[in-house]
Each structure stands twice: as structure tokens, then as C-alpha cells.
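Written below as C-alpha cells is the structure these notes are about.
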Amino acid sequence: MADVTLIEAVRLAALQEMRRDPRVWVLGEDVARGGLFGQYGGFVEEFGPQRVVSTPISESTIMGAGLGAALVGTRPIIEMRIFDFVMCAMDELVNQIAKIRYMFGGQAKPAVVVRMPHGIWRNSAAQHSQTLESWFTHIPGVVVAVPATPADAAGLLVSAIRSDDPVLFFDPKNLFPRRGALADIIAPLPFGQARKIRDGKDLTIVSWSAAVPIVEEAVETLAARGISADAMDLRTLWPWDEDAVCASAARTGRLLVVHEAVTTGGFGGEVVARVVERLGPGALRRVARLGQPRVPVPFAPPLEDALKPDAAKVVAAAESLLRD
Amino acid sequence: MADVTLIEAVRLAALQEMRRDPRVWVLGEDVARGGLFGQYGGFVEEFGPQRVVSTPISESTIMGAGLGAALVGTRPIIEMRIFDFVMCAMDELVNQIAKIRYMFGGQAKPAVVVRMPHGIWRNSAAQHSQTLESWFTHIPGVVVAVPATPADAAGLLVSAIRSDDPVLFFDPKNLFPRRGALADIIAPLPFGQARKIRDGKDLTIVSWSAAVPIVEEAVETLAARGISADAMDLRTLWPWDEDAVCASAARTGRLLVVHEAVTTGGFGGEVVARVVERLGPGALRRVARLGQPRVPVPFAPPLEDALKPDAAKVVAAAESLLRD
Amino acid sequence: MSGDNRARLLALYATMCRIRAFEETALAAHRAGEIPGPLHVSIGQEAVATGVCLNLQADDRITSNHRGHGHALAKGAGVAGMMEELFGRAGGHCRGKGGSMHIADFSVGMLGANGVVAGGIPIAVGAAQGLRMLGSSAIVCCFFGDGAINRGPFLEGLNWASLYDLPVLFVCEDNGVAAFTRAESVTAGAGVLARAEALGVAGVSVDGNDAAAVDDAASRLIAEIRAGGGPRLLHATTYRLMGHTSTDPARWREAGEVEAARAHEPILRLRARLLAEGAAMKALDAIEGDAWAEMSAARSAALAAPWPDLATAWEDVQDIGAAQEAV
Amino acid sequence: MSGDNRARLLALYATMCRIRAFEETALAAHRAGEIPGPLHVSIGQEAVATGVCLNLQADDRITSNHRGHGHALAKGAGVAGMMEELFGRAGGHCRGKGGSMHIADFSVGMLGANGVVAGGIPIAVGAAQGLRMLGSSAIVCCFFGDGAINRGPFLEGLNWASLYDLPVLFVCEDNGVAAFTRAESVTAGAGVLARAEALGVAGVSVDGNDAAAVDDAASRLIAEIRAGGGPRLLHATTYRLMGHTSTDPARWREAGEVEAARAHEPILRLRARLLAEGAAMKALDAIEGDAWAEMSAARSAALAAPWPDLATAWEDVQDIGAAQEAV
Ligand SMILES: Cc1ncc(C[n+]2csc(CCOP(=O)(O)OP(=O)(O)O)c2C)c(N)n1
Ligand SMILES: Cc1ncc(C[n+]2csc(CCOP(=O)(O)OP(=O)(O)O)c2C)c(N)n1
Ligand SMILES: [Mg+2]
Ligand SMILES: [Mg+2]
């Protein structure tokens, strides 16, 4: 058991899996130099340039070649460097990877992991800050992982690498320095199981990825004000833990979903809709979502801060949910 | 006033606007041959190959060049041929077109219309049948139009061409033969105003694009069974007519959203979430969404039919919403 | 003409006849309403798939485009499974989920047609990279049209293959047209060979309506690839005798253009050569007749074959988080 | 040396000094925590932007990449607005919303830096097409790095420009590296000129650390473009003296590599030439001093400048359906 940063945890997870299975390899820009965030540090030295392939700036082909290599039986980790660049590889991801098993009637399972460090990070402005995880919940054929802690990120990455499904793995850029305990042997963590952040009875708070630390902070403040939040981290959005969320919402009657992504069209809408469909509106007193407004991410720190969800906004939203 | 098909209506709308404003032009594959669906029939003869530009199969550049041409003051109609090919141009659309006005602090307004014929059409299988309009409601900077009738499509296209905002215009492939009345001079139709399909009191049904004829058929069946549905066609998803939907849902207490897109992550979730947020769960008795399951669109007719929303499924969903 | 050579020409002839018969049969079935969806036939272009694939081994792989029947057949895909797939039946290679545009038969290394122009290029280079990683000596052949060379993946994929010295044969089937637009009006520069060369991929041009010439050229290039020479490109000029899809009359063509082209079509040409070189007309007729009989039987069988069970619509999506059929 | 020529060299020298001073000042400000976000400086590469833009007119347009300060300054962008933009202040050209990576000044035809490699290429060709449609005789100059030539838009954009004979000068700033990876390890074939040539775009290579040579080459190519000759490409070899971003130490470089390169850096080289050709050291020092003074003042001004009003965060999204600030 070690205390490590999130970025070190995912490095160790990929390392473990590459040692375990010689079919696993990684391709992407600068990965033989350790990757943009050091998440592949030491890999090329251990596995060589055939399994740690620093590629040209060719996102379409990074994605498409990963798919091709999966179709003949290897298990590529496709590194996109920064989420936003996946926009250059959407045909390969959405039209090819996600559909190929179905279109071909099950003749092939494209066992790829697509890693996309995402989120608002250090005033990187609109083209390097997007959080569009909800898009991929809408695409049949893929699994969507959005971890927030070192142990979850590592465990989900192990599952992702071992899974025959294409897994879209959203490394949370802003949480890379976050520390936590990590087992020496990283066990696969199942998809679709939420993690309880805090038990409570007054309202349910659902979050994932970069919103998790915000919620952690907010529930402490709320607790100090006598409000007991039942807060959870979904960890994966497809599949997602409907049962856990519904059970909690049925108990508290109040549901708040917090995510860094733009509220409109975000996965919070899906969570709310599903809970209301399943429990019936009558089971709930109030629901709300808190995300980024429908505005691109601005560069200037005060502007970025003004738009981005934070603990104070979570507290305010929670308190308003309790005022009937 | 003429009775025309939807595809002829949008042809006439673009024709009218190209005659009105010499800065309007169209680029895309085969547009000088009238376009894949004849929607630009006769254009090159009237406006010449400088304004009706048949391009190489270069979706990235069709999109990006449209943007560049808008930045210097022209008003391009960017034709994507079939929605699914926009996956080859997502960087240009999402990272560039949608963000450029904001990133540059308002120095430029990219006045483009991006036309993307979408939807399930004639057993075209998974790569030619997608309906991902909800994605773009999640992207700040763009307007999203999803018309279902000849007059709406024409009026919204006129607005789109005249607007300084980038408008994503989803031509509904499957409804191209649909006929309707069209004024000789096509007036711009404002974005964000729903169209009532039928007045009713028992439940609210919200739909758009290819789901509209399904709902039209279903409400007749429901009426015959004594169920009076208040049904509407949103026509645009961003902005969308929250007020109309909330007013109706507040009256009926029952809300059904029907769309052709996959239910999970679809815009139906947004509609439900917004209505529940605004009215409070207490204002509602039941809510439900009906869409495609989270499965790619299959080729075989019976499979496609089995998964696709249809009038019978709408009727069943409506009836189940009324059973408390 | 040596016996070996004669046998080879007859093999080319047989495969071309089978492709032609398959597609003509499919076209008729489409017109009769038996086949749904879009259908892109390669009638007139059979020599390219045929000449190339004759040089491939069972474990070599191919990727294809929207016009993939010929590639699949030439690589050995089962006819019954192909025809049933076009008909959307349960016994199709893709269980009726893909149709013509997504025909695939992994059991013979046919990694799939593609509904996206140039979509097969990155898949092909990745497959080659994966095969090498697994220690296989198989190669990959990637078919695409002249329209595909104006999409970004052409540059990215060739650069990639060249960089990593991958065993890929790129085959540009140049029929001079993309959908309804002439290639020359959308393609700048000296053409696909020059583009490939600039990306470090050597290649040759060949008369793509001459099956024997395609066979020769492909055999040389493939030998170089198998010898570890890295990727190569074959530029095969040909002519699409039909419209873009089964429903496209291609009226924009010049009068007489198609008729003139018919004189150069690959099956007649090879037949004339074989006859000139002493093959028996009866033998050739038998080959042709067999092909038509085979495809006609496949059509009848497909028409009689069962539709997929509706429950299968929910299968083959993913293992984890698969949507559940409402009960 | 003719007086004209001397004046031109001095103009090149002055612009390069201003770019260098701007970026060194920005780097210092970044290290001091005054500038947030990523910062990509072009120190060592100033001759390219300078030599090219000296040949552009006010209504000509440029597009740029992530390393765009030099391009913007050379095209005439206001320094105060640029520095404030880097600082995220209200008076920035982009009202503080873009920062270094999205620097733009439409008032001088600078259509924007770009956070996506090769992102400016399709924009440039479209701008040229639009300008022609509007009857303008302006041209467009498109700057990108050697890394961009491995992305699809390079092929698509050059094919497009060539096809429609658009007035575009493509400038490949070849510093031999993309982020942390050497260009030669990811770029196959004979290089950017060969790729361009194959796409119908003629070009020349130039020592991109020799401002006068860049000026000469650009001036010839731009004259051809203005004469209606269609697009051209300038391949300028240069060297990036700093790491990829302000925080990258670029430790993977060989020992002595950077020191060796410093001997060839463009400002020292032009200075040496000017001195050798009789320019007064004092005059050159004054130019340099002015540049540093200008940028230092801009830094102080930016540091003192107001942050954007929070309400402006909600502005400039779109006219229709703009998000409303919660009250
Ligand atoms: C990315 C993309 N753009 C557009 C299309 C529509 N489309 C299908 S086939 C085709 C023409 C392709 O021409 P070519 O590659 O030369 O192949 P051919 O049809 O001539 O065999 C087009 C434009 C597509 N399928 N994918
Ligand atoms: C599509 C895309 N992929 C990756 C990146 C990350 N990235 C930013 S700059 C850069 C290197 C670019 O190299 P080059 O084009 O040669 O420009 P240079 O930095 O050398 O000036 C990379 C990989 C990006 N911004 N966009
Ligand atoms: Mg073609
Ligand atoms: Mg570089």
C-alpha cells in the first residue's frame, strides 16, 4: 500500500497491465518521452519502442490505428494527450470503434482504451478545457469512466485494459496531483458502481471527476451547518449506478447533480430524468443540477473561476434545495 | 402559396437567400450537381461555380474553409451531405466555429450554417443513421435547428442564413418527401418557438424532427381512444421553448418526450430535467422518454423497425403514463 | 503461354466472373425490392480486387470501402453469408446488421467494408502494426477509391505506414469519379503516386482493367512488402460502369462515354486474351455459367432465409453496460 | 549596401527585437506568476514571422498556431492589447478570454492563433476563398510548424488551395521538433516541400534563421501569388531555443545542442551582418533598447490593468440563445 498521486496511480496501473499482458501497448504523441503528464514515465525503457509508440501528430490515425491493431488481437491504449484533440479523431472513435462490433455482427471486439485527460486546468482556455463525457454516454458500444481518486482511477484503468469493450477513460487533468492510497497489486474495479463520499439523509448529491473534490469540500461545510448530505461519486457514466442514486434519492427526496461540464445537455440531465422516470416525480421534493453555464471556458482566471462550479456554489445549491 | 416537399422547401429557402444576399454561398460535395438530395438543384446554373462550390471529399476543410470564409465576411452554407460525416470535421466545428467568437472576445462572428441531413433513413445502417442533435445543445456558441415540416424547415433555414451565429441545421432525411404549404416569400422563423401539433389536456408530448410524424399519428390514435394529448414540435433545441413545454406540463402533469435519438444522453433528458427543475417534481404526476435504445442502428429492416420509435410505441408510452 | 500462366489467368477470370455475377444478381435483387438500403457495385472494376487478392494468403488481411463486394469475394468471403447480409438475413456474415456497406468476413481476413470514405486507411495501418507486434508475417491490403486521397487519413496513414515500415499494400482504385464529381475537378497535383512518393511510399500505376497486369504489379509489390520493404502503393486506373449507387442513373456522363468504356471492361478483355491464347470458349462459358448459377442460387437461398430474430438486435453492442431489451 | 536595403534590414531587425523582447518579457512575467496558463514562445524563430510579414499589406490576413506572438506582432498587432491578453486583462485583444494560445487582432488581419495543431490551415484557405468572392485582392498567409504536416488538414488544405488557385502563402516553420519529439522520427518521405509539390503547391526552402533570406524568398513567392499564380509554400528551417512551453526544460536535448544553436540565432546574425555592413552599433542598441523598453512598459501596464468585469464572461457566446447570468 502506497500513498501516491493520481497521475502516478494511473502510471502504475498501466505499468502493471503491460507487464501482465504482452498484447497491451500504448500509442500517442510523446508517450516514449513519458507522455505529457508523465503517465508513461519509464515505459519505453522497459517495453521498448514497439510497445510504447510515440506517434506523429495524427489523431485520426492514432485512433484508427489503435482500432486496426485491436482487430487483429492486440490491446492498445490510445492516448489522446488532451481530451479536446479527440475532435480530430471522432470518425474513428464514433463511426468506427463504437460501431464495428455491432455492424459486423460480433465478428470483432475492439478492445481499446481511449485515454482523454479532460477538464478545466490551469487557465488553458476554451480549446483545452472541455468536459464532454456526456456525449459518449449517448453512443452505443462504449464504456465511459470518469474517476476522481488515485485508487479509483487505477482500478478502473485496470478494468478498462482487461475489458473487451472499448473504454473511454477520462483522466481528470485537474486532479492529477491528488493523493491517495494505492494497493501494491491493483485490482480491477468494476464499472457501474458508485462510491459513497458521505452518508447523509437530507439530500442526495451526485458527482464525478473534477466535481468530486468540490462536493467533498461542500459536504463538510454543509455538515457544519447541520445539513447532512448523502454524496456519491459515480466513477463511471456508462454503465452508471442508477440503483445507488435512486435508493438515495428515494430516501432523501432531494437530488442535486454536480458536474464540471456545461449543465445544458450534460449527464446531469440524464441522471435527473432517469431518477424521475424510475421513482416517479411524487417520490421527490426538489431536484437541481449544477454545472458550467452554456459558455466556453474563458482564459482569464477571474472569469474562469466565476463560471466554474465550486464548493460555495454547491453549498448554495444544496441550501436552496432544502428551502421548499 | 405552394404545396411542396420538405426537400423542395429548403431548396427554395436557400435559393431565396442566395438571391437576396450575394455573400451567401454553398460548399460541399456534389453541390454543383444539385447536392445528394437535389436540395441545391439549379443553383450552379444561376449562381456559378464560385458560389456553388463542389468540393473534394475533405470534410475537415469543407467545415474549416467555411469558417475562414465567414471570418472575412461571407456567409457560407456548409453542406455535410450526411450527418455522420461531420465526425470528420468535429475539430473545425466544435473547437473552432463554436468557440472562435468567444475566444477572440467578440472580434468575429462566424456566420455559417452547417447543414447535416440526419436520421434513420432507408436501412442505411449504423454509419449513416445517427441522430446526435443533443450533443450540440451541450456546446456553447451554436444554435440547433431540428425542423419537421416544409414550412418550418424553410423558415428556419432563412433565419439560419440571416443569423450571425453559427447555426447547426439538421435536415430531416426521412421527412424529405413530406409535403406542406409554403409561402411564396419565405419569412424567417424565429428560433426557440415550439409549434403546437395538437391541443390537449391529458398529457404533454414533446418531439422534434423525425419523431414529429410519429407523434402526429399517435395523437390521432390516442384521441380515438379518448386520450387528449397536448403535443408539440420544438423545432429548435437551442434555444428551445422551455416556456411552452413547462406551461403545458404544468397543466397536464404528465410529460412524454419522444425522439429518434438514443434515449440515454438524448435531449429528452434535458427537457425532463429542466421541466422538473422549473416546476418542481410536485407539479408532475409522471414523466417518460421514448427514443432509440442504446444500440447502433441495424441494417436489417425488421431489426431497424424493432428499435426505432414508432406511433404504436408512443401510444403505448402515453397510455402507460396515464395509468398511475 | 505456360500452363501455369493459363491456370492463373483462368483463376482471375473465374473470380471476376463471380464478382460480376454476384453484383449483377444483387442489383437485380435490389431492383426487385429484395435488398434494402444503399448498394454500391463495382461492375467494371473487378480486375483490381481480383488481381490483388490472388497474391494474398489466407492470414493476410484486407480493409475495404463502400464498394466492397469484389474485395470480399476475391479475399475468399463466403458467398452465402455475403448475399444473406445484403438481404439483411440472420445468416449474413454480420447477422444482418451491416448490409452491403459493412460487409465483413473476419474468418478470411476481410476486416470490413466502410461507410466512411478513407475510413479503412488508419485501420489497415494499425492492423499491420498489430500483426507485427504479435509476430505474424501477414500483410495488410487497403483498398480505397480516388476520392479517398483528398481526405486527411490518406496523408496520415501513408506517413504512418512509411514511418513504421509497415507491411501494407495501399490500393487506389481510380475510377476517375467520386460519387457524382469527376476526380480531376477535385484533385490537385500530379496524382496519387506523387502523393504517396512524397510520403515515402513507393508505388506503381497499372491499367486496372487488365487483370493480368494488376496481378503482375501486385505480385511484385507484395513480394517487396513481404521482404520487409515497408509499404507500397498500387494505383489502378479503371472505370465505374454503373452509377454511384444502385439507384443513381449517372446522367451527367457524356453521351457514349459508358458504351466506349464497355469495350475496355476487364472481363471481356481477359476473355478475349484467353481465347486468343487458345483457351476453349466452352470452358470460359462454363466458368461464367457456374458463377451465375452460384449467385442465382445464393439469391434464392437468401430470399428464403430467415430474418434475424428480433432479440438479436440487442446483441453485439458491448459486454459491459449492454442495453436491456424491455420486457 | 543600398540605403533601401539597409532600411529594410533595420526594419527586420527592429521587428525581431520587438518579438524577442515581447517574449522574454512575457516569459519573465510568466515565471513571476503574472501570466496564467500555457505560454509557447518562439524565441530563436523570430526571423520567419518577421521576414514573411514584412511583405504583407494591411488588408492581407494571417492565421497562426499555438506559437503565435511573433506572427501577431509582425503583422502589426497592438502590443498593449497583446500583453494584456496574455495577462488575462479586460483590455486584451480578446478581452482576456483567449490568452496567449488564442491571440488575435482582426483589426490588423491577424485571424488568430490556434490551440489545435494545423487548425489554421483550413481557415486560411477559406479566408482566401472568401476574400476572392468579395472582390478583394488581399492574400492570406498561413503559419504552422513541422508537426502540422502530419495532420490531415495539411493535405486537404493544400489540395484545396491548389484546386481553387487561392492566394495563400503556406509557411512551414520547421524547428525540427514537435512538442518533445524530433520531427525526423515522426515524418516520413522527403519533407514538406515534396508533399506540397505533390499537391500542386510549389515552394522553396529557406534558412529560417536568416531574416533577409526569408524576406527575399517570401517577397518572391508573394509576388507570384499576387500575380494570380495560386498558392505557394515557404519552408523555413529554424531552431526553437526554449522548451515547448514556458515550463518545459526540454531536458531530452543533447548536451551543447542549444548552445551551438545560439550561435546561429537570427537576431545575432542580422546584427552581425548589419555591423559588418557598416551600421552603427549605437543605432542597433537603440533599436533593441526601445524594444525592451516598450515591452517592459507593456508588462507594467498589463499588470496594472483591470481584470475583466465578471459579467463579460457571459458575453460573446452567441446572439440567439445566449446563456443568461444567474441573478
Ligand atoms: C467521409 C465521407 N464523405 C462522404 C461520403 C459519401 N460518399 C460515399 S462514396 C463517395 C465517393 C467516393 O469516391 P471514391 O473514393 O473515388 O470511391 P468510388 O465510389 O469511386 O468507388 C462519397 C462522396 C462518405 N461516405 N464518407
Ligand atoms: C491536434 C493537436 N494535437 C496535439 C496538440 C498538442 N501540441 C501542441 S503544440 C504541439 C507540437 C507542435 O509542433 P509544431 O507544429 O512543429 O510546432 P512547434 O511547437 O514546433 O512550433 C503539440 C503536439 C495540439 N495542440 N493539437
Ligand atoms: Mg472513385
Ligand atoms: Mg516544430
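The chains in the C-alpha cells are called A, B, ... from first to last as shown; in each chain the residues are counted from 1, and the ligands are counted from 1 in the order shown.
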Give as a PyMOL selection string the residues surrounding ligand 3 up to a distance of 6 Å, considering only C-alpha atoms and all ligand atoms. chain C and resi 145-147+174-178
Could you take the residues named above and write them with C-alpha atoms, as a CSV table (one decimal), in the first residue's frame?
```
chain,number,residue,atom,x,y,z
C,145,GLY,CA,-11.0,5.0,-54.3
C,146,ASP,CA,-9.6,8.1,-55.9
C,147,GLY,CA,-12.0,10.1,-53.8
C,174,ASP,CA,-9.0,5.1,-59.6
C,175,ASN,CA,-12.3,5.1,-61.5
C,176,GLY,CA,-12.0,8.8,-62.1
C,177,VAL,CA,-15.0,9.8,-60.2
C,178,ALA,CA,-16.2,10.3,-56.6
```
Could you report the residues within 9 Å of ligand 2, using only C-alpha atoms and all ligand atoms, as a ChimeraX atom specification? /A:29-30,56-59,80-82,84-88,127-128 /B:91 /D:40-42,45,65-68,114-119,144-151,172-183,239-240,243-245
Which of segment 204-263 of chain C counts as alpha helix (DSSP H) under DSSP, as number ranges by chain please? C: 211-224, 257-262
What's the separation between atom CA of Pro117 of chain B and atom CA of Val143 of chain A, in Å to one decimal place?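 Distance reported for this atom pair: 27.6 Å.
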Distance filter 9 Å, only C-alpha atoms, chain B against chain D, as a VMD selection string: chain B and resid 22 to 23 50 to 51 55 to 76 91 to 92 95 to 96 98 to 109 140 to 143 163 to 166 191 to 192 238 to 240
